[in-house]
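Dumped protein_20.pdb below, it's PDB, C-alpha atoms:
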ATOM      1  CA  MET A   1      15.400  -7.493   7.456
ATOM      2  CA  ALA A   2      19.077  -7.484   8.301
ATOM      3  CA  CYS A   3      18.999 -11.275   8.517
ATOM      4  CA  PHE A   4      18.054 -11.479   4.808
ATOM      5  CA  SER A   5      20.721  -9.046   3.658
ATOM      6  CA  ILE A   6      23.652  -9.282   6.060
ATOM      7  CA  GLY A   7      23.129 -12.643   7.769
ATOM      8  CA  LEU A   8      21.984 -14.813   4.856
ATOM      9  CA  GLY A   9      23.211 -12.646   1.998
ATOM     10  CA  ILE A  10      20.044 -13.248  -0.041
ATOM     11  CA  PHE A  11      19.268  -9.592  -0.782
ATOM     12  CA  PRO A  12      21.488  -6.516  -1.017
ATOM     13  CA  ALA A  13      21.545  -4.277   2.038
ATOM     14  CA  ARG A  14      21.659  -0.900   0.294
ATOM     15  CA  GLY A  15      21.379   0.994  -2.949
ATOM     16  CA  ALA A  16      19.059   0.914  -5.952
ATOM     17  CA  TYR A  17      21.320  -1.192  -8.198
ATOM     18  CA  ASP A  18      24.824  -2.638  -8.373
ATOM     19  CA  SER A  19      27.670  -0.299  -9.204
ATOM     20  CA  GLU A  20      28.719  -2.665 -12.026
ATOM     21  CA  SER A  21      25.313  -2.404 -13.720
ATOM     22  CA  ILE A  22      24.974  -0.108 -16.709
ATOM     23  CA  PRO A  23      21.807   1.995 -16.300
ATOM     24  CA  GLY A  24      19.415   1.752 -19.205
ATOM     25  CA  TRP A  25      16.318   0.043 -20.525
ATOM     26  CA  ASN A  26      17.785  -3.434 -20.693
ATOM     27  CA  LEU A  27      16.557  -6.559 -18.949
ATOM     28  CA  THR A  28      19.615  -7.042 -16.726
ATOM     29  CA  PHE A  29      19.397  -3.517 -15.303
ATOM     30  CA  ILE A  30      15.631  -3.766 -14.722
ATOM     31  CA  LEU A  31      16.024  -7.119 -12.940
ATOM     32  CA  ASP A  32      18.857  -5.667 -10.831
ATOM     33  CA  VAL A  33      16.680  -2.703  -9.798
ATOM     34  CA  LEU A  34      13.798  -5.050  -8.900
ATOM     35  CA  TYR A  35      16.196  -7.274  -6.932
ATOM     36  CA  HIS A  36      17.452  -4.277  -4.924
ATOM     37  CA  ALA A  37      13.878  -3.064  -4.324
ATOM     38  CA  CYS A  38      12.705  -6.344  -2.747
ATOM     39  CA  LEU A  39      13.647  -5.547   0.861
ATOM     40  CA  PRO A  40      12.398  -1.931   0.922
ATOM     41  CA  VAL A  41       9.076  -2.966  -0.651
ATOM     42  CA  LEU A  42       8.739  -5.928   1.709
ATOM     43  CA  CYS A  43       9.491  -3.689   4.683
ATOM     44  CA  TYR A  44       6.878  -1.134   3.590
ATOM     45  CA  PHE A  45       4.320  -3.888   2.937
ATOM     46  CA  LEU A  46       4.833  -5.552   6.321
ATOM     47  CA  THR A  47       4.406  -2.255   8.149
ATOM     48  CA  THR A  48       1.081  -1.500   6.447
ATOM     49  CA  VAL A  49      -0.497  -4.949   6.216
ATOM     50  CA  ALA A  50      -1.061  -5.108   9.980
ATOM     51  CA  SER A  51      -3.221  -1.997   9.884
ATOM     52  CA  TRP A  52      -5.251  -3.437   6.989
ATOM     53  CA  ILE A  53      -5.821  -6.670   8.906
ATOM     54  CA  MET A  54      -6.850  -4.884  12.092
ATOM     55  CA  GLY A  55      -9.150  -2.581  10.126
ATOM     56  CA  MET A  56     -10.792  -5.546   8.394
ATOM     57  CA  LYS A  57     -11.279  -7.280  11.755
ATOM     58  CA  ALA A  58     -12.902  -4.191  13.284
ATOM     59  CA  ILE A  59     -15.227  -3.753  10.307
ATOM     60  CA  CYS A  60     -16.232  -7.440  10.376
ATOM     61  CA  ILE A  61     -16.983  -7.343  14.100
ATOM     62  CA  GLY A  62     -19.120  -4.259  13.566
ATOM     63  CA  LEU A  63     -21.048  -5.884  10.724
ATOM     64  CA  LEU A  64     -21.764  -9.154  12.562
ATOM     65  CA  GLY A  65     -24.534  -7.540  14.607
ATOM     66  CA  GLU A  66     -26.330  -5.967  11.637
ATOM     67  CA  ASP A  67     -29.918  -6.948  10.859
ATOM     68  CA  TYR A  68     -29.149  -8.436   7.448
ATOM     69  CA  MET A  69     -26.563 -10.761   9.036
ATOM     70  CA  ASN A  70     -29.134 -11.969  11.586
ATOM     71  CA  TYR A  71     -31.658 -12.404   8.772
ATOM     72  CA  ALA A  72     -29.171 -14.492   6.779
ATOM     73  CA  ARG A  73     -28.582 -16.718   9.807
ATOM     74  CA  ALA A  74     -32.341 -17.026  10.376
ATOM     75  CA  ARG A  75     -32.816 -18.089   6.753
ATOM     76  CA  GLY A  76     -30.512 -21.012   7.451
ATOM     77  CA  LEU A  77     -27.758 -20.058   5.011
ATOM     78  CA  SER A  78     -24.450 -21.835   5.392
ATOM     79  CA  ARG A  79     -21.699 -20.212   7.413
ATOM     80  CA  ASN A  80     -19.394 -19.886   4.397
ATOM     81  CA  ARG A  81     -22.095 -18.204   2.313
ATOM     82  CA  ILE A  82     -22.805 -15.719   5.096
ATOM     83  CA  LEU A  83     -19.093 -14.993   5.563
ATOM     84  CA  PHE A  84     -18.224 -14.528   1.894
ATOM     85  CA  THR A  85     -21.430 -13.151   0.402
ATOM     86  CA  TYR A  86     -22.775 -10.955   3.168
ATOM     87  CA  LEU A  87     -19.877 -10.162   5.474
ATOM     88  CA  GLY A  88     -16.923 -10.205   3.080
ATOM     89  CA  ARG A  89     -18.434  -8.067   0.363
ATOM     90  CA  ASN A  90     -19.619  -5.376   2.769
ATOM     91  CA  ALA A  91     -16.433  -5.347   4.836
ATOM     92  CA  MET A  92     -14.281  -5.124   1.729
ATOM     93  CA  LEU A  93     -15.627  -1.757   0.558
ATOM     94  CA  PRO A  94     -13.995   0.478   3.226
ATOM     95  CA  GLN A  95     -10.775  -1.503   2.907
ATOM     96  CA  ILE A  96     -10.588  -0.698  -0.811
ATOM     97  CA  THR A  97     -10.468   2.982   0.053
ATOM     98  CA  SER A  98      -7.792   2.369   2.691
ATOM     99  CA  LEU A  99      -5.732   0.320   0.227
ATOM    100  CA  ALA A 100      -6.007   3.007  -2.456
ATOM    101  CA  ILE A 101      -4.867   5.734  -0.059
ATOM    102  CA  SER A 102      -1.934   3.506   0.932
ATOM    103  CA  PHE A 103      -0.999   3.166  -2.741
ATOM    104  CA  GLY A 104      -1.110   6.935  -3.063
ATOM    105  CA  LEU A 105       1.173   7.324  -0.067
ATOM    106  CA  LEU A 106       3.452   4.623  -1.479
ATOM    107  CA  PHE A 107       4.299   6.987  -4.341
ATOM    108  CA  GLY A 108       5.423   9.449  -1.688
ATOM    109  CA  GLY A 109       7.772   6.849  -0.360
ATOM    110  CA  SER A 110       8.750   6.287   3.208
ATOM    111  CA  PRO A 111      11.710   8.421   4.252
ATOM    112  CA  VAL A 112      12.600   6.103   7.138
ATOM    113  CA  ILE A 113      12.679   2.940   5.014
ATOM    114  CA  GLU A 114      14.472   4.629   2.124
ATOM    115  CA  ASN A 115      17.107   6.093   4.438
ATOM    116  CA  LEU A 116      17.557   2.732   6.148
ATOM    117  CA  PHE A 117      18.241   0.967   2.844
ATOM    118  CA  VAL A 118      19.952   3.989   1.220
ATOM    119  CA  TYR A 119      17.394   3.652  -1.560
ATOM    120  CA  PRO A 120      17.106   6.798  -3.701
ATOM    121  CA  GLY A 121      13.340   7.232  -3.765
ATOM    122  CA  VAL A 122      11.003  10.155  -3.215
ATOM    123  CA  GLY A 123      11.178   9.795   0.575
ATOM    124  CA  PHE A 124      14.983   9.772   0.522
ATOM    125  CA  TYR A 125      15.128  12.943  -1.572
ATOM    126  CA  LEU A 126      12.377  14.567   0.493
ATOM    127  CA  ASN A 127      14.358  13.926   3.661
ATOM    128  CA  SER A 128      17.521  15.371   2.127
ATOM    129  CA  ALA A 129      15.546  18.404   0.837
ATOM    130  CA  ILE A 130      14.221  18.993   4.352
ATOM    131  CA  SER A 131      17.722  18.798   5.846
ATOM    132  CA  ARG A 132      19.033  21.263   3.202
ATOM    133  CA  ARG A 133      15.964  23.521   3.575
ATOM    134  CA  ASP A 134      15.283  23.334  -0.147
ATOM    135  CA  TYR A 135      11.745  24.742  -0.029
ATOM    136  CA  PRO A 136      10.925  24.647  -3.766
ATOM    137  CA  LEU A 137      11.906  20.980  -3.971
ATOM    138  CA  MET A 138       9.887  20.186  -0.828
ATOM    139  CA  GLN A 139       6.839  21.979  -2.240
ATOM    140  CA  GLY A 140       7.119  20.070  -5.507
ATOM    141  CA  MET A 141       7.434  16.729  -3.738
ATOM    142  CA  PHE A 142       4.529  17.469  -1.402
ATOM    143  CA  MET A 143       2.455  18.497  -4.412
ATOM    144  CA  MET A 144       3.303  15.205  -6.155
ATOM    145  CA  ILE A 145       2.401  13.172  -3.060
ATOM    146  CA  ILE A 146      -0.883  15.051  -2.650
ATOM    147  CA  MET A 147      -1.760  14.512  -6.318
ATOM    148  CA  MET A 148      -1.072  10.774  -6.069
ATOM    149  CA  VAL A 149      -3.233  10.466  -2.938
ATOM    150  CA  LEU A 150      -6.036  12.396  -4.668
ATOM    151  CA  ILE A 151      -5.820  10.278  -7.828
ATOM    152  CA  SER A 152      -5.806   7.049  -5.823
ATOM    153  CA  GLY A 153      -8.775   8.311  -3.754
ATOM    154  CA  LEU A 154     -10.717   9.062  -6.941
ATOM    155  CA  ALA A 155      -9.852   5.610  -8.273
ATOM    156  CA  ALA A 156     -11.089   4.076  -4.998
ATOM    157  CA  ASP A 157     -14.352   6.030  -5.260
ATOM    158  CA  ALA A 158     -14.860   4.817  -8.821
ATOM    159  CA  LEU A 159     -14.165   1.226  -7.785
ATOM    160  CA  ASN A 160     -16.482   1.509  -4.771
ATOM    161  CA  LYS A 161     -19.203   2.882  -7.016
ATOM    162  CA  ARG A 162     -18.781  -0.093  -9.333
ATOM    163  CA  LEU A 163     -18.752  -2.678  -6.530
ATOM    164  CA  ASN A 164     -21.481  -1.193  -4.313
ATOM    165  CA  PRO A 165     -24.909  -1.146  -5.967
ATOM    166  CA  ARG A 166     -26.214   1.375  -3.388
ATOM    167  CA  LEU A 167     -23.817   4.010  -4.720
ATOM    168  CA  ARG A 168     -24.846   3.674  -8.356
ATOM    169  CA  GLU A 169     -27.049   6.335  -9.871
ATOM    170  CA  LYS A 170     -30.490   5.186 -10.884
TER     171      LYS A 170
END

Written as structure tokens, that's how I'd like the structure from this file.
Amino acid sequence: MACFSIGLGIFPARGAYDSESIPGWNLTFILDVLYHACLPVLCYFLTTVASWIMGMKAICIGLLGEDYMNYARARGLSRNRILFTYLGRNAMLPQITSLAISFGLLFGGSPVIENLFVYPGVGFYLNSAISRRDYPLMQGMFMMIIMMVLISGLAADALNKRLNPRLREK
């Protein structure tokens, strides 16, 4: 990531916005905040996408030997139809839950990434609260992270129920 900020100078290396920017609800400030958030978000995304890919691969390998996959092959269905209709739809369901939990943890921030980019997010403030032994602040932040993970888990369950006909009530 240092090559994009220090070497090429495309993105800023630290901070949430430029010191010349006037904080407020104006377009220039919002675009400046989004510009400064590009590298931390990209870093967080790249560290989690590998686990999603490996999880999807493991689920697909496990589903390839199922009876309904063999039945679809025996029926003479095309390879693409088997992959997208049978394999893809069934392998996607556990990944939705994993993605939702990752979104919940994203609200908690990543202290390592936020400290690396000196980005003032929840993880940055949680790390500083831990170093100062500010227990009430730590408890509040942990409570917020737990609530976001719970809400995202409930959203994943609702989405799974909508996508998976076996989970619907009759």

Within 12 Å of Met69 (chain A) using all atoms listed in the file, minus same-chain residues under 2 positions, as a PyMOL selection string: chain A and resi 60-67+71-79+81-88+90

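The closest residue to Met56 (chain A), picked from A:Leu93, A:Ile101, A:Ala129, A:Met148 and counting only C-alpha atoms, is A:Leu93.
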
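Close contacts of Val41 (chain A), defined as residues with an atom at most 12 Å away when counting only C-alpha atoms, with chain neighbours fewer than 2 positions off set aside, comprise A:Met1, A:Ala16, A:Val33, A:Leu34, A:Tyr35, A:His36, A:Ala37, A:Cys38, A:Leu39, A:Cys43, A:Tyr44, A:Phe45, A:Leu46, A:Thr47, A:Thr48, A:Val49, A:Phe103, A:Leu106, A:Phe107, A:Gly109, A:Ser110, A:Ile113, A:Glu114, A:Phe117, A:Tyr119, A:Gly121.
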
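The closest residue to Ile145 (chain A), picked from A:Ile59, A:Leu99, A:Leu163, A:Leu126 and counting all atoms listed in the file, is A:Leu126.
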
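When CA of Lys161 (chain A) is paired with CA of Ser98 (chain A), their separation reads 15.0 Å.
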
message: Going by the chain IDs and residue numbers used in this file, which residues fall under the PyMOL selection byres ((chain A and resi 100) around 10)? Write them as number ranges by chain.
response: A: 95-99, 101-106, 148-157, 159

field: Gap from CA of Lys57 (chain A) to CA of Pro111 (chain A) - Å, one decimal
entry: 28.8 Å

Provide region 22-42 of chain A of the preceding structure as a file containing N, CA and C atoms, as a PDB file, in the first residue's frame.
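Below is the file that was written, selection_12.pdb:
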ATOM      1  N   ILE A  22     -12.382  22.159   5.380  1.00  0.00           N
ATOM      2  CA  ILE A  22     -13.266  22.643   6.438  1.00  0.00           C
ATOM      3  C   ILE A  22     -14.316  21.573   6.684  1.00  0.00           C
ATOM      4  N   PRO A  23     -14.302  20.954   7.888  1.00  0.00           N
ATOM      5  CA  PRO A  23     -15.274  19.886   8.166  1.00  0.00           C
ATOM      6  C   PRO A  23     -16.703  20.404   8.104  1.00  0.00           C
ATOM      7  N   GLY A  24     -17.555  19.594   7.503  1.00  0.00           N
ATOM      8  CA  GLY A  24     -18.964  19.955   7.388  1.00  0.00           C
ATOM      9  C   GLY A  24     -19.649  19.063   6.366  1.00  0.00           C
ATOM     10  N   TRP A  25     -20.910  19.305   6.165  1.00  0.00           N
ATOM     11  CA  TRP A  25     -21.691  18.518   5.208  1.00  0.00           C
ATOM     12  C   TRP A  25     -21.680  19.169   3.839  1.00  0.00           C
ATOM     13  N   ASN A  26     -20.489  19.365   3.298  1.00  0.00           N
ATOM     14  CA  ASN A  26     -20.386  19.880   1.935  1.00  0.00           C
ATOM     15  C   ASN A  26     -19.699  18.840   1.066  1.00  0.00           C
ATOM     16  N   LEU A  27     -19.876  18.955  -0.217  1.00  0.00           N
ATOM     17  CA  LEU A  27     -19.399  17.937  -1.158  1.00  0.00           C
ATOM     18  C   LEU A  27     -17.879  17.811  -1.146  1.00  0.00           C
ATOM     19  N   THR A  28     -17.168  18.923  -1.043  1.00  0.00           N
ATOM     20  CA  THR A  28     -15.698  18.845  -1.075  1.00  0.00           C
ATOM     21  C   THR A  28     -15.152  18.097   0.130  1.00  0.00           C
ATOM     22  N   PHE A  29     -15.734  18.325   1.313  1.00  0.00           N
ATOM     23  CA  PHE A  29     -15.265  17.621   2.504  1.00  0.00           C
ATOM     24  C   PHE A  29     -15.590  16.131   2.420  1.00  0.00           C
ATOM     25  N   ILE A  30     -16.789  15.792   1.960  1.00  0.00           N
ATOM     26  CA  ILE A  30     -17.187  14.387   1.846  1.00  0.00           C
ATOM     27  C   ILE A  30     -16.296  13.659   0.851  1.00  0.00           C
ATOM     28  N   LEU A  31     -15.998  14.286  -0.287  1.00  0.00           N
ATOM     29  CA  LEU A  31     -15.106  13.663  -1.271  1.00  0.00           C
ATOM     30  C   LEU A  31     -13.688  13.518  -0.723  1.00  0.00           C
ATOM     31  N   ASP A  32     -13.237  14.483   0.085  1.00  0.00           N
ATOM     32  CA  ASP A  32     -11.913  14.398   0.688  1.00  0.00           C
ATOM     33  C   ASP A  32     -11.841  13.245   1.691  1.00  0.00           C
ATOM     34  N   VAL A  33     -12.897  13.068   2.482  1.00  0.00           N
ATOM     35  CA  VAL A  33     -12.941  11.957   3.440  1.00  0.00           C
ATOM     36  C   VAL A  33     -12.942  10.626   2.697  1.00  0.00           C
ATOM     37  N   LEU A  34     -13.730  10.508   1.634  1.00  0.00           N
ATOM     38  CA  LEU A  34     -13.760   9.273   0.843  1.00  0.00           C
ATOM     39  C   LEU A  34     -12.407   9.005   0.184  1.00  0.00           C
ATOM     40  N   TYR A  35     -11.740  10.049  -0.289  1.00  0.00           N
ATOM     41  CA  TYR A  35     -10.424   9.912  -0.897  1.00  0.00           C
ATOM     42  C   TYR A  35      -9.403   9.395   0.118  1.00  0.00           C
ATOM     43  N   HIS A  36      -9.453   9.901   1.353  1.00  0.00           N
ATOM     44  CA  HIS A  36      -8.531   9.451   2.389  1.00  0.00           C
ATOM     45  C   HIS A  36      -8.870   8.051   2.890  1.00  0.00           C
ATOM     46  N   ALA A  37     -10.113   7.618   2.723  1.00  0.00           N
ATOM     47  CA  ALA A  37     -10.527   6.295   3.203  1.00  0.00           C
ATOM     48  C   ALA A  37     -10.235   5.189   2.192  1.00  0.00           C
ATOM     49  N   CYS A  38      -9.822   5.533   0.986  1.00  0.00           N
ATOM     50  CA  CYS A  38      -9.609   4.508  -0.052  1.00  0.00           C
ATOM     51  C   CYS A  38      -8.592   3.446   0.363  1.00  0.00           C
ATOM     52  N   LEU A  39      -7.416   3.844   0.801  1.00  0.00           N
ATOM     53  CA  LEU A  39      -6.390   2.859   1.155  1.00  0.00           C
ATOM     54  C   LEU A  39      -6.745   2.018   2.375  1.00  0.00           C
ATOM     55  N   PRO A  40      -7.268   2.600   3.467  1.00  0.00           N
ATOM     56  CA  PRO A  40      -7.658   1.728   4.584  1.00  0.00           C
ATOM     57  C   PRO A  40      -8.754   0.730   4.213  1.00  0.00           C
ATOM     58  N   VAL A  41      -9.738   1.165   3.427  1.00  0.00           N
ATOM     59  CA  VAL A  41     -10.817   0.258   3.022  1.00  0.00           C
ATOM     60  C   VAL A  41     -10.273  -0.814   2.090  1.00  0.00           C
ATOM     61  N   LEU A  42      -9.419  -0.439   1.161  1.00  0.00           N
ATOM     62  CA  LEU A  42      -8.819  -1.411   0.250  1.00  0.00           C
ATOM     63  C   LEU A  42      -7.964  -2.421   1.010  1.00  0.00           C
TER      64      LEU A  42
END
